[in-house]
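Novice: Below is the file my_file.cif, with mmCIF, C-alpha atoms.
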```cif
data_target
loop_
_atom_site.label_atom_id
_atom_site.label_comp_id
_atom_site.auth_asym_id
_atom_site.auth_seq_id
_atom_site.Cartn_x
_atom_site.Cartn_y
_atom_site.Cartn_z
CA MET A 1 6.13 -35.52 -31.32
CA SER A 2 4.54 -32.08 -31.03
CA ASP A 3 1.55 -33.76 -29.37
CA TYR A 4 3.86 -35.26 -26.79
CA PHE A 5 5.23 -31.83 -25.87
CA THR A 6 1.74 -30.34 -25.75
CA TRP A 7 0.60 -32.89 -23.19
CA LEU A 8 3.85 -32.43 -21.30
CA GLY A 9 2.97 -28.75 -21.07
CA VAL A 10 -0.54 -29.55 -19.87
CA VAL A 11 0.78 -31.81 -17.13
CA LEU A 12 3.23 -29.11 -16.03
CA CYS A 13 0.36 -26.60 -15.91
CA LEU A 14 -1.62 -28.98 -13.71
CA LEU A 15 1.37 -29.31 -11.39
CA MET A 16 1.53 -25.54 -11.38
CA LEU A 17 -2.05 -25.52 -10.14
CA MET A 18 -0.94 -27.47 -7.07
CA ALA A 19 1.85 -24.99 -6.37
CA LEU A 20 -0.62 -22.17 -6.86
CA TYR A 21 -2.88 -23.73 -4.22
CA ARG A 22 -0.08 -23.38 -1.70
CA THR A 23 0.65 -19.85 -2.90
CA VAL A 24 -2.94 -18.74 -2.50
CA ILE A 25 -3.95 -20.57 0.67
CA GLY A 26 -0.52 -20.83 2.32
CA PRO A 27 -1.00 -19.96 5.98
CA THR A 28 2.39 -18.28 6.30
CA ILE A 29 4.31 -16.05 3.92
CA ILE A 30 7.05 -18.68 3.61
CA ASP A 31 4.55 -21.10 2.05
CA ARG A 32 3.58 -18.46 -0.47
CA ILE A 33 7.17 -17.68 -1.40
CA MET A 34 7.95 -21.37 -1.85
CA GLY A 35 4.86 -21.81 -4.01
CA ALA A 36 5.73 -18.84 -6.19
CA ASN A 37 9.27 -20.15 -6.54
CA VAL A 38 8.01 -23.53 -7.74
CA ILE A 39 5.78 -21.76 -10.25
CA GLY A 40 8.81 -19.81 -11.46
CA THR A 41 10.84 -22.98 -11.91
CA LYS A 42 8.07 -24.62 -13.89
CA THR A 43 7.77 -21.46 -16.00
CA VAL A 44 11.37 -21.87 -17.11
CA VAL A 45 10.68 -25.42 -18.31
CA LEU A 46 7.36 -24.51 -19.90
CA LEU A 47 8.98 -21.68 -21.88
CA ILE A 48 11.40 -24.15 -23.44
CA ILE A 49 8.60 -26.63 -24.12
CA ILE A 50 6.51 -23.96 -25.87
CA GLY A 51 9.61 -23.06 -27.88
CA THR A 52 10.00 -26.68 -28.91
CA ILE A 53 6.36 -26.86 -29.99
CA PHE A 54 6.79 -23.72 -32.13
CA GLY A 55 10.10 -25.04 -33.50
CA ARG A 56 11.97 -21.84 -32.51
CA VAL A 57 13.78 -22.79 -29.31
CA GLU A 58 16.55 -20.23 -29.87
CA MET A 59 13.98 -17.43 -29.47
CA PHE A 60 12.74 -18.69 -26.13
CA VAL A 61 15.99 -19.71 -24.49
CA ASP A 62 16.86 -16.10 -23.65
CA ILE A 63 13.65 -15.57 -21.71
CA ALA A 64 14.10 -18.83 -19.84
CA LEU A 65 17.68 -17.81 -18.99
CA ALA A 66 16.50 -14.45 -17.66
CA TYR A 67 14.01 -16.23 -15.39
CA ALA A 68 16.53 -18.79 -14.26
CA MET A 69 19.02 -16.07 -13.36
CA LEU A 70 16.69 -13.55 -11.73
CA ASN A 71 14.23 -15.79 -9.95
CA PHE A 72 16.12 -15.97 -6.67
CA ILE A 73 16.27 -12.22 -6.00
CA VAL A 74 12.77 -12.19 -4.51
CA THR A 75 13.63 -15.01 -2.11
CA ILE A 76 16.71 -13.18 -0.86
CA ALA A 77 14.69 -9.98 -0.49
CA ALA A 78 12.09 -11.86 1.56
CA SER A 79 14.71 -13.38 3.84
CA ARG A 80 16.22 -9.92 4.35
CA TYR A 81 12.77 -8.54 5.14
CA PHE A 82 12.36 -11.08 7.90
CA THR A 83 15.67 -10.19 9.50
CA HIS A 84 14.10 -6.78 10.16
CA HIS A 85 10.53 -7.83 10.92
CA LYS A 86 10.01 -10.89 13.09
CA ASN A 87 6.44 -11.69 12.18
CA ILE A 88 6.70 -14.77 9.98
CA LEU A 89 4.37 -17.09 11.80
CA GLN A 90 1.84 -14.60 13.00
CA GLU A 91 -1.84 -15.41 12.77
CA GLY A 92 -4.28 -13.31 10.83
CA TYR A 93 -2.60 -13.23 7.44
CA GLY A 94 -4.80 -15.85 5.77
CA LEU A 95 -7.34 -15.34 3.05
CA ARG A 96 -10.04 -14.31 5.49
CA HIS A 97 -9.89 -11.20 7.59
CA ARG A 98 -9.88 -11.98 11.27
CA PRO A 99 -11.19 -9.63 13.91
CA GLY A 100 -8.38 -8.20 15.93
CA GLY A 101 -5.97 -8.56 13.08
CA PRO A 102 -2.22 -9.03 13.15
CA LYS A 103 0.25 -6.83 14.89
CA ASP A 104 3.43 -5.75 13.23
CA MET B 1 -1.49 -20.98 -29.82
CA ILE B 2 -2.05 -24.26 -28.04
CA TRP B 3 -5.55 -24.23 -26.64
CA GLN B 4 -5.05 -26.82 -23.90
CA ILE B 5 -2.15 -24.94 -22.29
CA ASP B 6 -3.87 -21.64 -23.02
CA LEU B 7 -7.02 -22.60 -21.12
CA LEU B 8 -5.06 -23.79 -18.09
CA ILE B 9 -2.84 -20.71 -17.94
CA LEU B 10 -5.84 -18.38 -18.26
CA THR B 11 -7.56 -20.18 -15.38
CA LEU B 12 -4.46 -19.82 -13.22
CA ILE B 13 -4.19 -16.12 -14.11
CA VAL B 14 -7.78 -15.46 -13.04
CA ILE B 15 -7.18 -17.22 -9.72
CA CYS B 16 -4.00 -15.22 -9.14
CA GLY B 17 -5.59 -11.90 -10.02
CA PHE B 18 -8.55 -12.54 -7.74
CA CYS B 19 -6.40 -13.61 -4.81
CA THR B 20 -4.05 -10.64 -5.17
CA ILE B 21 -6.99 -8.39 -4.41
CA VAL B 22 -8.55 -10.54 -1.70
CA VAL B 23 -5.49 -11.36 0.40
CA LYS B 24 -5.11 -9.01 3.34
CA ASP B 25 -1.38 -9.58 3.83
CA LEU B 26 0.35 -7.12 1.52
CA LEU B 27 3.54 -9.18 1.38
CA GLY B 28 1.53 -12.23 0.38
CA ALA B 29 -0.29 -10.18 -2.23
CA ALA B 30 3.09 -9.11 -3.66
CA VAL B 31 4.21 -12.75 -3.89
CA ILE B 32 0.97 -13.83 -5.58
CA PHE B 33 1.35 -10.90 -7.96
CA GLY B 34 4.80 -12.25 -8.81
CA ALA B 35 3.23 -15.61 -9.69
CA TYR B 36 0.69 -13.69 -11.81
CA SER B 37 3.58 -12.10 -13.68
CA PHE B 38 5.15 -15.53 -14.37
CA LEU B 39 1.87 -16.73 -15.82
CA MET B 40 1.39 -13.60 -17.95
CA CYS B 41 4.85 -14.15 -19.38
CA LEU B 42 3.87 -17.72 -20.30
CA LEU B 43 0.67 -16.53 -21.93
CA TRP B 44 2.46 -13.97 -24.07
CA THR B 45 5.13 -16.45 -25.07
CA GLU B 46 2.49 -18.86 -26.08
CA MET B 47 0.72 -16.23 -28.19
CA GLY B 48 4.01 -15.52 -29.98
CA ALA B 49 4.68 -12.07 -28.49
CA VAL B 50 8.19 -12.97 -27.44
CA ASP B 51 9.51 -9.45 -26.87
CA VAL B 52 6.64 -8.56 -24.56
CA ALA B 53 7.19 -11.82 -22.70
CA PHE B 54 10.84 -10.94 -22.24
CA THR B 55 9.95 -7.56 -20.76
CA GLU B 56 7.52 -9.21 -18.39
CA ALA B 57 10.16 -11.78 -17.46
CA SER B 58 12.85 -9.26 -16.61
CA VAL B 59 10.56 -6.80 -14.82
CA GLY B 60 8.44 -9.42 -13.05
CA ALA B 61 11.24 -11.68 -11.85
CA GLY B 62 13.88 -9.08 -11.16
CA VAL B 63 12.37 -5.83 -10.06
CA SER B 64 8.67 -5.40 -9.38
CA THR B 65 8.24 -7.83 -6.48
CA VAL B 66 11.40 -6.52 -4.84
CA LEU B 67 10.07 -2.97 -5.15
CA PHE B 68 6.85 -4.08 -3.45
CA PHE B 69 8.91 -5.67 -0.67
CA ALA B 70 10.87 -2.47 -0.24
CA ALA B 71 7.68 -0.44 -0.03
CA VAL B 72 6.15 -2.83 2.52
CA HIS B 73 9.41 -2.76 4.50
CA ARG B 74 9.12 1.01 4.91
CA THR B 75 5.35 1.21 5.42
CA THR B 76 3.14 -1.49 6.92
CA ARG B 77 2.27 -5.02 6.09
CA HIS B 78 -1.42 -5.29 6.76
CA VAL B 79 -4.41 -3.57 5.27
CA LYS B 80 -6.46 -1.63 7.75
CA MET B 81 -10.05 -2.63 7.21
CA LYS B 82 -13.07 -0.72 8.28
CA PRO B 83 -15.24 -2.98 10.47
CA SER B 84 -17.80 -3.68 7.78
CA GLY B 85 -19.40 -1.60 5.10
CA ARG B 86 -23.12 -1.49 4.54
CA LEU B 87 -24.43 -4.64 2.88
CA MET B 88 -26.61 -2.59 0.57
CA GLY B 89 -23.68 -0.57 -0.80
CA LYS B 90 -21.61 -3.71 -1.32
CA THR B 91 -24.43 -5.40 -3.22
CA ILE B 92 -24.95 -2.40 -5.47
CA GLY B 93 -21.23 -2.19 -6.19
CA LEU B 94 -20.99 -5.89 -7.00
CA ALA B 95 -24.03 -5.71 -9.27
CA ALA B 96 -22.65 -2.68 -11.13
CA ALA B 97 -19.25 -4.32 -11.62
CA GLY B 98 -20.88 -7.57 -12.77
CA LEU B 99 -23.13 -5.73 -15.22
CA MET B 100 -20.15 -3.83 -16.62
CA GLY B 101 -18.26 -7.11 -17.03
CA CYS B 102 -21.20 -8.62 -18.93
CA VAL B 103 -21.37 -5.60 -21.26
CA LEU B 104 -17.63 -5.84 -21.94
CA LEU B 105 -17.90 -9.60 -22.56
CA TYR B 106 -20.73 -8.94 -24.99
CA ALA B 107 -18.58 -6.37 -26.79
CA THR B 108 -15.78 -8.90 -27.31
CA THR B 109 -18.04 -10.94 -29.61
CA ASP B 110 -17.59 -8.19 -32.22
CA PHE B 111 -13.81 -8.47 -32.13
CA PRO B 112 -11.99 -10.33 -34.90
CA SER B 113 -10.77 -13.71 -33.70
CA TRP B 114 -7.19 -14.20 -32.55
CA ALA B 115 -4.59 -13.94 -35.37
CA ASP B 116 -7.27 -13.31 -37.97
CA PRO B 117 -5.42 -12.32 -41.17
CA ASN B 118 -8.44 -10.31 -42.36
CA SER B 119 -8.78 -8.18 -39.24
CA PRO B 120 -8.22 -4.42 -39.75
CA ALA B 121 -5.02 -4.47 -37.69
CA SER B 122 -3.50 -7.15 -39.92
CA THR B 123 -4.52 -5.64 -43.25
CA HIS B 124 -3.87 -1.95 -42.70
CA VAL B 125 -0.39 -1.21 -41.38
CA SER B 126 1.19 -4.53 -40.35
CA PRO B 127 2.01 -5.72 -43.90
CA ARG B 128 4.10 -2.61 -44.44
CA TYR B 129 6.21 -3.33 -41.37
CA ILE B 130 6.44 -7.05 -42.09
CA THR B 131 7.52 -6.69 -45.70
CA GLY B 132 9.51 -3.49 -45.22
CA THR B 133 11.68 -4.20 -42.21
CA ILE B 134 14.46 -6.09 -44.01
CA PRO B 135 14.67 -3.87 -47.15
CA ASP B 136 14.28 -0.65 -45.14
CA THR B 137 16.41 -1.30 -42.08
CA SER B 138 18.17 -4.69 -42.47
CA VAL B 139 17.04 -5.67 -38.97
CA PRO B 140 15.66 -9.23 -38.76
CA ASN B 141 13.64 -8.69 -35.57
CA MET B 142 10.79 -6.52 -36.71
CA VAL B 143 9.74 -5.65 -33.17
CA THR B 144 13.04 -3.83 -32.74
CA SER B 145 12.68 -1.98 -36.02
CA VAL B 146 9.12 -0.92 -35.23
CA LEU B 147 10.07 0.09 -31.69
CA ALA B 148 13.24 2.04 -32.44
CA ASP B 149 12.78 3.21 -36.01
CA TYR B 150 9.26 3.26 -37.40
CA ARG B 151 7.82 4.32 -34.04
CA GLY B 152 10.91 6.02 -32.70
CA PHE B 153 8.99 8.97 -31.29
CA ASP B 154 6.86 6.73 -29.08
CA THR B 155 9.88 4.99 -27.60
CA MET B 156 11.70 8.26 -26.98
CA PHE B 157 8.82 9.61 -24.96
CA GLU B 158 8.43 6.28 -23.16
CA THR B 159 12.02 6.71 -22.02
CA ALA B 160 11.13 10.25 -20.95
CA VAL B 161 8.19 8.84 -18.97
CA ILE B 162 10.52 6.42 -17.17
CA LEU B 163 12.83 9.31 -16.31
CA THR B 164 9.84 11.26 -15.02
CA ALA B 165 8.79 8.32 -12.84
CA GLY B 166 12.23 8.20 -11.27
CA LEU B 167 12.22 11.96 -10.69
CA ALA B 168 8.77 11.73 -9.10
CA VAL B 169 9.99 9.11 -6.64
CA LEU B 170 12.96 11.32 -5.88
CA ILE B 171 10.76 14.37 -5.32
CA ILE B 172 8.39 12.50 -3.00
CA LEU B 173 10.91 10.48 -0.98
CA GLY B 174 14.17 12.38 -1.37
CA GLN B 175 14.66 14.47 1.74
CA THR B 176 15.23 17.86 0.23
CA GLY B 177 12.91 20.02 2.28
CA ASN B 178 15.21 21.18 5.05
CA ARG B 179 18.54 20.73 3.29
CA SER B 180 20.32 21.91 0.20
CA PRO B 181 18.19 22.15 -2.96
CA LEU B 182 19.52 18.96 -4.56
CA PRO B 183 20.07 15.88 -2.37
CA ILE B 184 23.41 15.07 -3.90
CA SER B 185 25.88 16.12 -1.25
CA ARG B 186 24.07 14.29 1.55
CA LEU B 187 25.24 10.82 0.56
CA PRO B 188 26.98 8.95 3.34
CA GLN B 189 30.50 8.06 2.32
CA GLY B 190 31.35 5.86 5.28
CA PRO B 191 32.72 2.32 5.21
CA ILE B 192 30.55 -0.61 4.25
CA THR B 193 28.61 -1.73 7.28
CA GLN B 194 28.91 -5.38 8.12
CA GLY B 195 25.29 -5.92 9.04
CA TYR B 196 24.81 -9.54 8.08
CA ASP B 197 27.34 -12.12 7.15
CA ASP B 198 25.73 -14.66 4.88
CA THR B 199 28.58 -16.49 3.21
CA ILE B 200 26.48 -18.49 0.79
CA ILE B 201 24.39 -15.57 -0.47
CA ARG B 202 27.38 -13.30 -0.81
CA PHE B 203 29.43 -15.94 -2.61
CA ILE B 204 26.61 -16.70 -5.05
CA THR B 205 26.05 -13.00 -5.68
CA ARG B 206 29.73 -12.43 -6.30
CA ILE B 207 29.85 -15.32 -8.77
CA MET B 208 26.59 -14.55 -10.52
CA THR B 209 26.76 -10.77 -10.94
CA PRO B 210 29.34 -10.70 -13.77
CA PHE B 211 27.40 -13.32 -15.70
CA LEU B 212 24.14 -11.49 -15.17
CA GLN B 213 25.62 -8.23 -16.38
CA LEU B 214 27.20 -9.93 -19.38
CA PHE B 215 23.85 -11.48 -20.19
CA ALA B 216 22.21 -8.05 -19.91
CA LEU B 217 24.73 -6.58 -22.34
CA TYR B 218 24.07 -9.46 -24.71
CA VAL B 219 20.33 -8.79 -24.49
CA ILE B 220 20.89 -5.13 -25.38
CA ALA B 221 23.28 -5.80 -28.23
CA HIS B 222 21.50 -8.81 -29.68
CA GLY B 223 18.06 -7.22 -29.69
CA HIS B 224 18.27 -6.83 -33.46
CA HIS B 225 18.26 -10.58 -34.00
CA SER B 226 16.40 -12.09 -31.06
CA PRO B 227 13.92 -10.90 -28.45
CA GLY B 228 15.38 -8.28 -26.18
CA GLY B 229 16.62 -4.75 -26.37
CA GLY B 230 17.23 -1.68 -24.29
CA PHE B 231 14.34 -1.97 -21.86
CA GLN B 232 14.90 -5.61 -20.99
CA GLY B 233 18.68 -5.33 -20.77
CA GLY B 234 18.44 -2.17 -18.69
CA VAL B 235 16.08 -3.80 -16.21
CA ILE B 236 18.37 -6.82 -15.85
CA LEU B 237 21.35 -4.52 -15.28
CA GLY B 238 19.39 -2.65 -12.62
CA ALA B 239 18.36 -5.94 -11.02
CA THR B 240 21.99 -6.95 -10.59
CA PHE B 241 22.64 -3.78 -8.58
CA ILE B 242 19.51 -4.43 -6.51
CA LEU B 243 20.78 -7.97 -5.88
CA MET B 244 24.11 -6.61 -4.70
CA SER B 245 22.53 -4.07 -2.39
CA ILE B 246 20.29 -6.75 -0.90
CA SER B 247 22.95 -9.37 -0.32
CA TYR B 248 25.72 -7.00 0.80
CA ASP B 249 24.55 -3.61 1.92
CA LEU B 250 22.85 -0.64 0.40
CA ARG B 251 25.91 1.46 1.07
CA MET B 252 28.17 -0.82 -0.87
CA VAL B 253 26.21 0.08 -3.99
CA THR B 254 25.65 3.75 -3.20
CA ASN B 255 29.32 4.27 -2.40
CA ARG B 256 30.27 3.13 -5.86
CA PHE B 257 27.24 4.30 -7.71
CA ASN B 258 25.81 7.27 -5.94
CA GLU B 259 22.77 9.36 -6.64
CA ARG B 260 24.62 11.92 -8.71
CA THR B 261 25.96 9.20 -11.03
CA ASN B 262 22.52 7.69 -11.24
CA LEU B 263 20.84 10.92 -12.24
CA LEU B 264 23.64 11.68 -14.65
CA LEU B 265 23.30 8.27 -16.32
CA ALA B 266 19.52 8.53 -16.57
CA ASN B 267 19.75 11.91 -18.24
CA THR B 268 22.60 10.76 -20.48
CA GLY B 269 20.46 7.88 -21.70
CA LEU B 270 17.67 10.13 -22.81
CA LEU B 271 20.20 12.58 -24.21
CA ILE B 272 21.76 9.84 -26.35
CA TYR B 273 18.36 9.00 -27.78
CA SER B 274 17.27 12.54 -28.53
CA GLY B 275 20.82 13.46 -29.55
CA ILE B 276 20.79 10.85 -32.29
CA GLY B 277 17.49 12.29 -33.42
CA ALA B 278 18.86 15.83 -33.38
CA LEU B 279 21.95 14.69 -35.28
CA CYS B 280 19.69 13.48 -38.07
CA LEU B 281 18.07 16.91 -38.02
CA ILE B 282 21.45 18.61 -38.35
CA LEU B 283 22.42 16.35 -41.25
CA GLY B 284 19.44 17.55 -43.20
CA ALA B 285 16.81 14.89 -42.62
CA ASN B 286 13.78 14.62 -40.36
CA PHE B 287 14.10 14.13 -36.60
CA LEU B 288 14.97 10.45 -35.91
CA ASP B 289 15.35 9.66 -39.63
CA TYR B 290 18.44 7.53 -39.14
CA SER B 291 19.25 7.07 -42.82
CA ALA B 292 20.88 10.53 -42.79
CA LEU B 293 23.55 9.16 -40.45
CA ALA B 294 25.13 7.28 -43.35
CA LYS B 295 27.00 10.51 -44.12
CA ILE B 296 29.01 10.37 -40.90
CA LEU B 297 29.06 6.64 -40.02
CA PRO B 298 31.88 5.06 -42.04
CA GLY B 299 31.09 1.97 -44.04
CA THR B 300 27.32 2.20 -43.93
CA THR B 301 24.68 2.71 -46.53
CA THR B 302 21.42 4.52 -45.85
CA ILE B 303 19.91 1.15 -44.91
CA THR B 304 22.53 -0.22 -42.55
CA ALA B 305 22.89 3.21 -40.93
CA ARG B 306 19.39 2.75 -39.58
CA SER B 307 20.39 -0.55 -38.02
CA GLU B 308 23.48 1.00 -36.41
CA ALA B 309 21.55 3.98 -35.10
CA MET B 310 19.00 1.64 -33.53
CA LEU B 311 21.79 0.07 -31.48
CA GLY B 312 22.78 3.52 -30.24
CA VAL B 313 19.20 4.27 -29.32
CA GLU B 314 18.88 0.96 -27.45
CA ILE B 315 22.02 1.74 -25.46
CA GLY B 316 20.53 5.08 -24.46
CA VAL B 317 17.30 3.41 -23.36
CA ALA B 318 19.22 0.79 -21.38
CA LEU B 319 21.24 3.45 -19.52
CA ALA B 320 18.15 5.41 -18.58
CA VAL B 321 16.18 2.35 -17.48
CA MET B 322 19.04 0.92 -15.42
CA ALA B 323 19.69 4.18 -13.59
CA ILE B 324 16.02 4.79 -12.87
CA VAL B 325 15.44 1.26 -11.56
CA ILE B 326 18.34 1.64 -9.14
CA LEU B 327 17.20 5.14 -8.15
CA ILE B 328 13.65 4.01 -7.39
CA TYR B 329 14.82 1.01 -5.39
CA ASN B 330 17.36 2.99 -3.34
CA ASN B 331 14.85 5.66 -2.46
CA LEU B 332 12.03 3.26 -1.68
CA VAL B 333 14.04 0.93 0.50
CA SER B 334 15.80 3.60 2.54
CA ASN B 335 12.91 6.05 2.67
CA GLY B 336 15.07 8.56 0.84
CA THR B 337 17.86 8.63 3.43
CA TYR B 338 20.25 6.16 1.77
CA GLU B 339 21.29 5.00 5.23
CA ASN B 340 20.31 1.36 5.44
CA GLY B 341 18.42 -0.85 3.08
CA LEU B 342 16.61 -4.13 3.19
#
```
How would this structure read if it were set down as C-alpha cells?
Specialist:
Amino acid sequence: MSDYFTWLGVVLCLLMLMALYRTVIGPTIIDRIMGANVIGTKTVVLLIIIGTIFGRVEMFVDIALAYAMLNFIVTIAASRYFTHHKNILQEGYGLRHRPGGPKD
Amino acid sequence: MIWQIDLLILTLIVICGFCTIVVKDLLGAAVIFGAYSFLMCLLWTEMGAVDVAFTEASVGAGVSTVLFFAAVHRTTRHVKMKPSGRLMGKTIGLAAAGLMGCVLLYATTDFPSWADPNSPASTHVSPRYITGTIPDTSVPNMVTSVLADYRGFDTMFETAVILTAGLAVLIILGQTGNRSPLPISRLPQGPITQGYDDTIIRFITRIMTPFLQLFALYVIAHGHHSPGGGFQGGVILGATFILMSISYDLRMVTNRFNERTNLLLANTGLLIYSGIGALCLILGANFLDYSALAKILPGTTTITARSEAMLGVEIGVALAVMAIVILIYNNLVSNGTYENGL
C-alpha cells in the first residue's frame, strides 16, 4: 500500500513538471500565475500523500490546510496589480532578453 | 525519505532557482520564486522537518510573493540590462563560479549521510533534547521545546531581528523627513474609498477571514502538540490582514489597525517575551528559566510551568510577527504614504 502512494506521489511530481513548464516558459504573466497555482494545488495533495506514507497524517494536515487557505492571496494580488498597470500581454517578458525591451 | 519523489522535487527546485535568476520580468520571477517555495516546503516535509515546512508554507504562500508584488507595483517591472558585457569577463566569472561549485560538491563527500545516527550532530546534543523534552518540559513537540525553552535566547533575538526589519522598512519608506518626528499623526482617517467593487472576491474574503484567523490562533496554541507556533500563526494572522487590504482597500485596514497600533503590538510582543524572561530573573532563577514561574502560576509544577510559559512566549512572538508583517506590507505597497494600496 505504501508503494502505491509512493508511485502516486511520483506521478503527481511528473504532472507538476508540466505545470512548471508553463510557469517557466509562459509567454505572459497570466500563464505563469496559473502554472504556479496548479503547482500549489498539487503541493496540497502531495503533502497529504507524504503524510500517509509516513503514517502521520495528522502532522501534515495543518500544513496542507495552510496552503489551501492562503494559496489564493497571490492570485488576487496579481489581479489587483493589473488593474493599475495595463501591460499583461506586452512582448519582451519571455525568457530571452529582447532588444528594445518592454515599456511599462 | 522517499528517493523517487526526492529526486523529482530536487530537479524541479533546480529548474525553478535557475529560472528565477534568468527571467527578466520581475513579476514573473516573483511567481516562479513562489513555485520554488512550494517545492522547498515539499522537500522539507519529505525529510521530516515538519515545523520548517510549516514556516515555509505560511510565509511562501501568504506573504513573500505578495510583498514582491507590492515592491514591483511601486518600482518597475523590468530589469534594465546593459547592452552586453565583455565576453571575456563573463567567461571568467562563469569559470570561477563553476570551479567554486565543484570544490563545494567535493566537500560534501566528507559529510555524514542523511539521517546518519552516528554523525556528530546526532550523537552530541540531540539525544539530550530527544530524551529530555518530556521529563523536563512535558511538551510533546520537541521542536517547540528546543525553540522556546532550551534555545530561548536565540528565539528572543530572532523576534528582535524581525522587529528591527520592520523598523528599517519604516525608516526607509516612512515619510518622516519633512514632517513630525514620528509618522503616527499623519494617518488618513477618511471614509473607505470604493475603488473597486468585486462582489465575489469581497464575499469570499468576508467568509474566509474569520476561519483563517481562527486557524492561525489554533496554530499558535497547538504548537506544543503539532507543527506550528508563534512564527507560523503570526504570519497567517498578518496574511489575513493583507488579504483584506487587497480585496477591500488599504484604508479599510489602516483605519481599524493603524500604524500606532501596529508599532505598539510589535513592541508588546517582544516585551511579553523578554518580560517573561525578566520575571524568572525576579523570582530568583536565571533569565528565561521558566521553572521559576511555578511559584506564581497556580496549579503548576516546575515542569508544567515551563510548558505554560512557552505558550506565553509563543503569543508574544505571534503578536510581533503579525504586526511587523502588516507594517512592512502597508509601507511597501503605499510607498510609505498609506494613501492607496494595491
Novice: Using all atoms listed in the file, which of B:Ile200, B:Leu271, B:Val313, B:Leu27 sits nearest Gly223 (chain B)?
Specialist: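 Nearest candidate to Gly223 (chain B) out of B:Ile200, B:Leu271, B:Val313, B:Leu27: B:Val313.
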Novice: List, as a list of chain:residue names, every residue that the PyMOL selection byres ((chain B) within 6 of (chain A)) selects in the file provided.
Specialist: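 This file gives the following for the PyMOL selection byres ((chain B) within 6 of (chain A)): B:Ile5, B:Val23, B:Asp25, B:Gly28, B:Ala35, B:Phe54, B:Ala61, B:Gly62, B:Val66, B:Leu342.
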Novice: Figure out the distance between CA of Val146 (chain B) and CA of His225 (chain B), please, to one decimal in Å.
Specialist: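 So the answer is 13.4 Å.
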Novice: May I have the protein, DNA and RNA residues with an atom at most 12 Å from (16.5, 4.2, -1.6), counting all atoms listed in the file in the file's coordinates, returned as JSON, numbers by chain?
Specialist: {"B": [67, 70, 71, 73, 74, 166, 169, 170, 172, 173, 174, 175, 187, 242, 245, 246, 249, 250, 251, 253, 254, 258, 259, 262, 324, 325, 326, 327, 328, 329, 330, 331, 332, 333, 334, 335, 336, 337, 338, 339, 340, 341, 342]}
Novice: To one decimal place in Å, what is the distance between CA of Ala216 (chain B) and CA of Trp44 (chain B)?
Specialist: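 A separation of 21.0 Å between them.
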Novice: Hey, can you check how far CA of Ser126 (chain B) sits from CA of Phe153 (chain B)?
Specialist: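 Value for the CA of Ser126 (chain B)-CA of Phe153 (chain B) distance: 18.0 Å.
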Novice: Mind working out the centre and edge lengths of an axis-aligned box for region 18-33 of chain A, all listed atoms inside, 6 Å added to each side, rounded to one decimal in Å and written as AutoDock Vina command-line options?
Specialist:
```
--center_x 1.6 --center_y -21.8 --center_z -0.4 --size_x 23.1 --size_y 23.4 --size_z 25.4
```
Novice: With only C-alpha atoms as the counted atoms, please give the residues lying no more than 7 Å from Phe287 (chain B), apart from itself and same-chain residues fewer than 3 positions off, as a PyMOL selection string.
Specialist: chain B and resi 277-278+280-281
Novice: Extract, using only C-alpha atoms, all DNA, RNA and protein residues at most 8 Å from Gly233 (chain B), discarding same-chain residues fewer than 6 positions from it, and format them as number ranges by chain.
Specialist: B: 216-220, 318
Novice: Can I get the selection written as a PDB file, in the frame of the given file, with C-alpha atoms?
Specialist:
```
ATOM      1  CA  ALA B 216      22.210  -8.050 -19.910  1.00  0.00           C
ATOM      2  CA  LEU B 217      24.730  -6.580 -22.340  1.00  0.00           C
ATOM      3  CA  TYR B 218      24.070  -9.460 -24.710  1.00  0.00           C
ATOM      4  CA  VAL B 219      20.330  -8.790 -24.490  1.00  0.00           C
ATOM      5  CA  ILE B 220      20.890  -5.130 -25.380  1.00  0.00           C
ATOM      6  CA  ALA B 318      19.220   0.790 -21.380  1.00  0.00           C
TER       7      ALA B 318
END
```
Novice: I would like the residues chosen by the PyMOL selection byres ((chain B and resi 47-51) around 8) on the shown file; could you give them as a PyMOL selection string?
Specialist: (chain A and resi 59-60) or (chain B and resi 1+43-46+52-55+143+227-228)
Novice: Find the spatial neighbours of Asp136 (chain B), counting all atoms listed in the file, within a cut-off of 9 Å - ignore same-chain residues fewer than 2 positions away - and output them as a list in words.
Specialist: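 The residues that qualify are Gly132, Thr133, Ile134, Ser138, Val139, Thr302, Ile303, Thr304 and Arg306 of chain B.
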Novice: Choose the residue, out of B:Thr159, B:Asn255, B:Ser145, B:Thr75, that has the smallest atom-to-atom separation from Phe231 (chain B); count only C-alpha atoms.
Specialist: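 The answer is B:Thr159, which sits nearest to Phe231 (chain B).
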Novice: With distances taken over all atoms listed in the file, which residue among B:Met88, B:Met252, B:Leu147, B:Leu279 lies nearest Leu297 (chain B)?
Specialist: B:Leu279
Novice: Generate the missing atoms of region 64-70 of chain A up to N, CA and C atoms and report them as a PDB file, in the coordinates of the input.
Specialist:
```pdb
ATOM      1  N   ALA A  64      13.949 -17.833 -20.886  1.00  0.00           N
ATOM      2  CA  ALA A  64      14.100 -18.830 -19.840  1.00  0.00           C
ATOM      3  C   ALA A  64      15.361 -18.556 -19.017  1.00  0.00           C
ATOM      4  N   LEU A  65      16.433 -18.128 -19.699  1.00  0.00           N
ATOM      5  CA  LEU A  65      17.680 -17.810 -18.990  1.00  0.00           C
ATOM      6  C   LEU A  65      17.468 -16.635 -18.040  1.00  0.00           C
ATOM      7  N   ALA A  66      16.744 -15.614 -18.518  1.00  0.00           N
ATOM      8  CA  ALA A  66      16.500 -14.450 -17.660  1.00  0.00           C
ATOM      9  C   ALA A  66      15.755 -14.882 -16.403  1.00  0.00           C
ATOM     10  N   TYR A  67      14.744 -15.751 -16.564  1.00  0.00           N
ATOM     11  CA  TYR A  67      14.010 -16.230 -15.390  1.00  0.00           C
ATOM     12  C   TYR A  67      14.916 -17.028 -14.469  1.00  0.00           C
ATOM     13  N   ALA A  68      15.694 -17.920 -15.080  1.00  0.00           N
ATOM     14  CA  ALA A  68      16.530 -18.790 -14.260  1.00  0.00           C
ATOM     15  C   ALA A  68      17.530 -17.976 -13.456  1.00  0.00           C
ATOM     16  N   MET A  69      17.999 -16.853 -14.053  1.00  0.00           N
ATOM     17  CA  MET A  69      19.020 -16.070 -13.360  1.00  0.00           C
ATOM     18  C   MET A  69      18.433 -15.115 -12.335  1.00  0.00           C
ATOM     19  N   LEU A  70      17.222 -14.607 -12.598  1.00  0.00           N
ATOM     20  CA  LEU A  70      16.690 -13.550 -11.730  1.00  0.00           C
ATOM     21  C   LEU A  70      15.724 -14.047 -10.682  1.00  0.00           C
TER      22      LEU A  70
END
```
